[in-house]
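Worksheet: the structure to be examined is printed underneath.
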Amino acid sequence: MRMAVLGCGRVGRTLVYMASSTGRFEEVLAVDVDPRALSSVEGFEGVKPVNVDVLSGELVKVLKGLDVVCEALPGRLGFKALRSCIEAGVDVASASYMPEDPTQLDPPAREASVTIVPDCGVAPGISNLLAGRAYALMDELLELSIKVGGLPSNPNVPLKHVASWSLEDLVEEYTRRPKLIREGKVVEVEPLSGYEVLRVPGLGLFECFYTDGLRTMLKTIRARGMYEKTIRHRGHVEALRALTSLGLLSSERLDGIEMRSLLVKLLSRAWQGLEEDLLVLLVDALGIKEGRRARLSFKLIAQGSPPPSITATAAMCLSVASMLAEGLVKGPGVVTPEELGMDERVYEELQARLKGAGFTVEEYWGGQGGLS
C-alpha cells in the first residue's frame with residue numbers, strides 16, 4: 001500500500017515516522033511546502049519527500065493512485081486539503097483543527113466514492129471515539145463531559161504552559177466561541193468561560209474551561225447536556241485573560257502587525273526547546289441503561305517524551321488511515337470518529353492499535369450521579 005502524509009510539522013513528522021515503521025506501507029509520501037520541514041523526514045526508510053504547496057493544483061496529481069492520506073496541516077489549510085483528496089479520489093484521515101464543518105464535504109465525497117474521517121486527534125478524536133462508545137452502550141445519553149489537556153509536568157514556564165503543536169491552532173482554541181449542548185439545544189458561550197478547578201487523582205489540582213471540541217458530535221449524538229473543557233495548570237487562564245485585555249489574541253493590526261500573529265511568534269520564542277509531557281483525557285457519560293441511571297467513565301493519562309499529545313494524535317490518525325486502507329472503516333462520505341466508536345468491532349480494533357502505540361484507555365462503569 002502507498003500513503004501520503006500532508007504536513008511535516010510535529011504531528012506530521014511523527015506520522016511519517018510511525019507509518020514508515022509499521023511495515024504496512026511500501027511507500028510513504030511526505031508532503032510539505034517547506035524544504036526545512038521535509039529535511040526532518042530524510043532518511044526514514046520508504047519515505048519520499050514531496051515539495052508541494054497543498055493549496056496548489058499540483059497536490060491532486062501527487063495524491064492520485066494512493067491508497068490513503070493522513071492530513072496533519074494547520075487548521076486553516078485542512079478543509080482545502082480534504083477537497084483535494086476528494087478530487088484525487090483517495091480516502092483520508094484528518095487531524096486538522098479546521099474552523100469549517102467537515103460534514104459539508106459529505107455529498108461530494110459520496111459522489112466521488114471517497115471516505116473522510118475528520119478530527120482524528122486526541123480531542124477532537126479519541127474523545128469522540130469514547131463519546132460514541134458511551135452513546136452506543138447507553139439506552140439514553142443524558143449528559144456527556146469531556147475534559148482534556150496536554151501540559152508540561154512542570155508549570156514554572158511562561159504562561160504556565162507550553163505547546164508542541166501548531167501555535168496558530170492553539171490561539172484559535174482560545175478565541176473560537178465554544179458550542180455546547182444545554183437542555184438538548186446547541187448554544188454558544190464566550191471563550192475561556194465555564195472556569196472550574198479540577199482535581200485529577202494522583203496528579204493534583206488543575207483548572208479547566210470551555211473549548212470548541214464537540215464539533216461533529218453536535219449533530220451525531222443526542223444528549224440533554226454535553227461539553228468539552230480544556231485542562232491547564234492553575235494560573236494559565238488568568239494569564240490568557242491579561243493577554244486578551246491587551247488585544248494580543250485578536251486579529252486586529254497595530255502599526256501593520258496582526259496582534260495574533262505577533263503572539264504566535266512571541267510564544268514560539270518563549271517556548272523554544274520546551275514541550276508538554278503530560279496528557280490527560282477524562283470522558284464521563286451519565287445516562288439510562290436497562291431502566292436505571294448509569295455512569296460510564298473513560299480515562300487516558302500518559303506522560304513522557306516525546307510529547308504524548310503529539311504521539312497519541314499521530315497514533316489515532318494513522319490507525320484510522322490504516323483501517324481505511326484495509327477496508328475496516330466503511331464509507332463513502334464523511335464518517336466521524338464518534339461513529340467509529342458506535343461500531344463495537346471498529347472500536348475494539350482502534351483501541352487495540354492505540355494500545356499497541358502505548359495508549360491504553362481505562363473504561364469503567366459507576367453508579368448514579370451527576371457530572372462534575
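Residues in the C-alpha cells are named by chain (A, B, ... in the order shown) and by number from 1 within that chain; ligands are numbered from 1 in the order shown.
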
Pick out the residues sitting within 8 Å of Gly149 of chain A, and hand them over as a PDB file with N, CA and C atoms, in the first residue's frame; count only C-alpha atoms, and ignore anything fewer than 5 positions along from it in its own chain.
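Output file part16.pdb is given in full below:
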ATOM      1  N   THR A 230     -11.002  22.330  28.326  1.00  0.00           N
ATOM      2  CA  THR A 230      -9.558  22.124  28.223  1.00  0.00           C
ATOM      3  C   THR A 230      -8.916  22.277  29.593  1.00  0.00           C
ATOM      4  N   ILE A 231      -8.017  21.362  29.930  1.00  0.00           N
ATOM      5  CA  ILE A 231      -7.325  21.356  31.217  1.00  0.00           C
ATOM      6  C   ILE A 231      -5.996  22.096  31.095  1.00  0.00           C
ATOM      7  N   ARG A 232      -5.735  22.963  32.071  1.00  0.00           N
ATOM      8  CA  ARG A 232      -4.467  23.664  32.135  1.00  0.00           C
ATOM      9  C   ARG A 232      -4.005  23.755  33.595  1.00  0.00           C
ATOM     10  N   LEU A 279      -0.356  14.132  29.278  1.00  0.00           N
ATOM     11  CA  LEU A 279      -1.636  14.127  28.579  1.00  0.00           C
ATOM     12  C   LEU A 279      -2.702  13.568  29.506  1.00  0.00           C
ATOM     13  N   VAL A 280      -3.784  14.326  29.660  1.00  0.00           N
ATOM     14  CA  VAL A 280      -4.909  13.894  30.487  1.00  0.00           C
ATOM     15  C   VAL A 280      -6.177  13.982  29.652  1.00  0.00           C
ATOM     16  N   LEU A 281      -6.912  12.870  29.548  1.00  0.00           N
ATOM     17  CA  LEU A 281      -8.209  12.838  28.867  1.00  0.00           C
ATOM     18  C   LEU A 281      -9.210  12.117  29.752  1.00  0.00           C
TER      19      LEU A 281
END

Residues of segment 99-189 of chain A that have any atom at most 7 Å from an atom of segment 220-224 of chain A: could you tabulate them with the shortest-distance atom pair and the distance in Å to one decimal, using only C-alpha atoms, ordered by chain and increasing number, as CSV?
residue,atom,partner,partner_atom,distance
A:Leu141,CA,A:Ala223,CA,5.3
A:Leu142,CA,A:Ala223,CA,5.0
A:Glu143,CA,A:Arg224,CA,5.8
A:Ile181,CA,A:Arg224,CA,6.8
A:Arg182,CA,A:Arg224,CA,6.2
A:Glu183,CA,A:Arg224,CA,4.9
A:Gly184,CA,A:Arg224,CA,4.3

Kindly save the residues from that selection, with C-alpha atoms included, as a short mmCIF file (atom, residue, chain, number, x, y, z; two decimals), in the first residue's frame.
data_model
loop_
_atom_site.label_atom_id
_atom_site.label_comp_id
_atom_site.auth_asym_id
_atom_site.auth_seq_id
_atom_site.Cartn_x
_atom_site.Cartn_y
_atom_site.Cartn_z
CA LEU A 141 -27.47 9.52 26.99
CA LEU A 142 -28.30 12.33 29.38
CA GLU A 143 -25.02 14.20 29.88
CA ILE A 181 -25.45 21.32 24.39
CA ARG A 182 -27.73 22.66 27.14
CA GLU A 183 -31.23 21.31 27.69
CA GLY A 184 -30.89 19.48 24.38
#

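Shell of segment 305-308 of chain A at 7 Å, with only C-alpha atoms counted and residues fewer than 3 places along the chain excluded, is Glu275, Glu276, Asp277, Leu278, Leu279, Ala302, Thr311 and Ala312 of chain A.
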
Subject >> Non-local contacts of Gly213 of chain A (12 Å; only C-alpha atoms; under 4 positions in same chain excluded) as a VMD selection string >> reply: chain A and resid 97 to 99 119 121 to 128 131 145 to 149 172 to 174 176 to 181 209 217 to 218 226 to 230

Test item: residues at most 12 Å from Gly9 of chain A, only C-alpha atoms, excluding those fewer than 3 positions along its chain, as an mmCIF file with N, CA and C atoms, in the first residue's frame:
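Saved the output as out-v8.cif:
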data_model
loop_
_atom_site.group_PDB
_atom_site.id
_atom_site.type_symbol
_atom_site.label_atom_id
_atom_site.label_comp_id
_atom_site.auth_asym_id
_atom_site.auth_seq_id
_atom_site.Cartn_x
_atom_site.Cartn_y
_atom_site.Cartn_z
ATOM 1 N N VAL A 5 1.388 11.666 3.765
ATOM 2 C CA VAL A 5 1.171 12.479 4.953
ATOM 3 C C VAL A 5 1.282 13.926 4.521
ATOM 4 N N LEU A 6 0.209 14.683 4.713
ATOM 5 C CA LEU A 6 0.203 16.097 4.335
ATOM 6 C C LEU A 6 0.574 16.938 5.542
ATOM 7 N N GLY A 12 2.844 15.735 11.843
ATOM 8 C CA GLY A 12 3.100 15.102 10.554
ATOM 9 C C GLY A 12 4.397 14.316 10.529
ATOM 10 N N ARG A 13 5.445 14.891 11.105
ATOM 11 C CA ARG A 13 6.732 14.187 11.155
ATOM 12 C C ARG A 13 6.603 12.883 11.941
ATOM 13 N N THR A 14 5.863 12.930 13.049
ATOM 14 C CA THR A 14 5.650 11.714 13.842
ATOM 15 C C THR A 14 4.832 10.700 13.059
ATOM 16 N N LEU A 15 3.850 11.183 12.311
ATOM 17 C CA LEU A 15 3.050 10.297 11.459
ATOM 18 C C LEU A 15 3.920 9.606 10.408
ATOM 19 N N VAL A 16 4.801 10.373 9.774
ATOM 20 C CA VAL A 16 5.677 9.803 8.752
ATOM 21 C C VAL A 16 6.549 8.708 9.355
ATOM 22 N N TYR A 17 7.115 8.996 10.522
ATOM 23 C CA TYR A 17 7.976 8.005 11.177
ATOM 24 C C TYR A 17 7.180 6.746 11.530
ATOM 25 N N ALA A 30 5.865 12.137 2.001
ATOM 26 C CA ALA A 30 5.841 13.215 2.997
ATOM 27 C C ALA A 30 5.733 14.524 2.229
ATOM 28 N N VAL A 31 4.575 15.194 2.362
ATOM 29 C CA VAL A 31 4.261 16.351 1.520
ATOM 30 C C VAL A 31 4.278 17.630 2.348
ATOM 31 N N ASP A 32 5.068 18.612 1.907
ATOM 32 C CA ASP A 32 5.110 19.902 2.596
ATOM 33 C C ASP A 32 5.680 20.939 1.636
ATOM 34 N N VAL A 33 5.281 22.195 1.842
ATOM 35 C CA VAL A 33 5.790 23.274 1.012
ATOM 36 C C VAL A 33 7.142 23.787 1.506
ATOM 37 N N ASP A 34 7.491 23.457 2.745
ATOM 38 C CA ASP A 34 8.709 23.969 3.384
ATOM 39 C C ASP A 34 9.831 22.941 3.285
ATOM 40 N N PRO A 35 10.901 23.229 2.545
ATOM 41 C CA PRO A 35 12.020 22.277 2.435
ATOM 42 C C PRO A 35 12.638 21.930 3.782
ATOM 43 N N ARG A 36 12.600 22.871 4.739
ATOM 44 C CA ARG A 36 13.152 22.592 6.066
ATOM 45 C C ARG A 36 12.342 21.519 6.778
ATOM 46 N N ALA A 37 11.020 21.567 6.620
ATOM 47 C CA ALA A 37 10.176 20.532 7.218
ATOM 48 C C ALA A 37 10.444 19.172 6.581
ATOM 49 N N LEU A 38 10.626 19.167 5.269
ATOM 50 C CA LEU A 38 10.900 17.913 4.570
ATOM 51 C C LEU A 38 12.251 17.330 4.961
ATOM 52 N N SER A 39 13.207 18.181 5.281
ATOM 53 C CA SER A 39 14.528 17.684 5.670
ATOM 54 C C SER A 39 14.462 16.876 6.959
ATOM 55 N N SER A 40 13.425 17.114 7.772
ATOM 56 C CA SER A 40 13.301 16.399 9.049
ATOM 57 C C SER A 40 12.889 14.946 8.867
ATOM 58 N N VAL A 41 12.414 14.577 7.663
ATOM 59 C CA VAL A 41 12.000 13.191 7.445
ATOM 60 C C VAL A 41 12.957 12.466 6.502
ATOM 61 N N GLU A 71 -3.866 13.587 6.904
ATOM 62 C CA GLU A 71 -3.778 15.044 6.762
ATOM 63 C C GLU A 71 -3.485 15.658 8.112
ATOM 64 N N ALA A 72 -2.328 16.346 8.232
ATOM 65 C CA ALA A 72 -1.881 16.902 9.509
ATOM 66 C C ALA A 72 -1.420 18.345 9.332
ATOM 67 N N LEU A 73 -2.230 19.124 8.641
ATOM 68 C CA LEU A 73 -1.905 20.513 8.349
ATOM 69 C C LEU A 73 -2.492 21.443 9.401
ATOM 70 N N PRO A 74 -2.008 22.694 9.468
ATOM 71 C CA PRO A 74 -2.686 23.673 10.320
ATOM 72 C C PRO A 74 -4.153 23.794 9.924
ATOM 73 N N SER A 96 -6.585 17.824 11.363
ATOM 74 C CA SER A 96 -6.626 19.282 11.431
ATOM 75 C C SER A 96 -7.761 19.785 12.313
ATOM 76 N N SER A 164 3.547 21.872 21.809
ATOM 77 C CA SER A 164 4.443 21.345 20.788
ATOM 78 C C SER A 164 3.793 21.334 19.417
ATOM 79 N N TRP A 165 2.477 21.574 19.353
ATOM 80 C CA TRP A 165 1.771 21.510 18.066
ATOM 81 C C TRP A 165 1.562 22.927 17.537
ATOM 82 N N SER A 166 0.727 23.060 16.521
ATOM 83 C CA SER A 166 0.528 24.327 15.839
ATOM 84 C C SER A 166 0.100 25.434 16.797
ATOM 85 N N LEU A 167 0.924 26.475 16.939
ATOM 86 C CA LEU A 167 0.581 27.582 17.824
ATOM 87 C C LEU A 167 -0.583 28.397 17.262
ATOM 88 N N ILE A 310 1.306 14.656 21.059
ATOM 89 C CA ILE A 310 1.711 14.537 19.658
ATOM 90 C C ILE A 310 1.628 13.085 19.197
ATOM 91 N N ALA A 314 -0.896 11.304 16.435
ATOM 92 C CA ALA A 314 -0.375 10.565 15.286
ATOM 93 C C ALA A 314 -0.863 9.119 15.293
#

Kindly provide the residues of segment 251-288 of chain A that approach segment 359-367 of chain A to within 10 Å, each paired with its closest atom pair and their distance in Å to one decimal, based on only C-alpha atoms, listed by chain and increasing number, as a Markdown table.
| residue | atom | partner | partner_atom | distance |
| --- | --- | --- | --- | --- |
| A:Leu281 | CA | A:Val361 | CA | 9.1 |
| A:Leu282 | CA | A:Val361 | CA | 9.7 |
| A:Val283 | CA | A:Glu363 | CA | 9.5 |
| A:Asp284 | CA | A:Trp365 | CA | 9.8 |
| A:Ala285 | CA | A:Trp365 | CA | 9.6 |
| A:Leu286 | CA | A:Gly367 | CA | 9.2 |

**OP:** Using backbone DSSP assignments, extract all strand (DSSP E or B) residues from segment 163-280 of chain A; output them as an NGL selection string.
**Re:** :A and (179-182 or 185-188 or 196-200 or 204-210 or 225-232 or 253-254 or 257-258 or 278-280)

Original post:
Quick one: of A:Val52, A:Ala163, A:Cys8, A:Met18, who's nearest to Trp271 of chain A, counting only C-alpha atoms?
Top reply: A:Ala163

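Of note, atom CA of Asp106 of chain A and atom CA of Glu349 of chain A are spaced 24.5 Å apart.
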
Proximity of segment 70-153 of chain A to segment 337-346 of chain A: per-residue shortest pair, 7 Å limit, only C-alpha atoms, as CSV:
residue,atom,partner,partner_atom,distance
A:Val117,CA,A:Pro337,CA,6.6
A:Cys120,CA,A:Pro337,CA,6.9
A:Gly125,CA,A:Pro337,CA,6.1
A:Asn128,CA,A:Glu338,CA,4.5
A:Leu129,CA,A:Gly341,CA,4.4
A:Leu130,CA,A:Gly341,CA,6.1
A:Ala131,CA,A:Glu338,CA,6.2
A:Gly132,CA,A:Glu338,CA,4.2
A:Arg133,CA,A:Gly341,CA,4.6
A:Ala136,CA,A:Met342,CA,5.1

Original post:
DSSP says helix (DSSP H, G or I) for which residues of segment 161-307 of chain A? Put them as a PyMOL selection string?
Top reply: chain A and resi 167-175+217-220+236-245+259-270
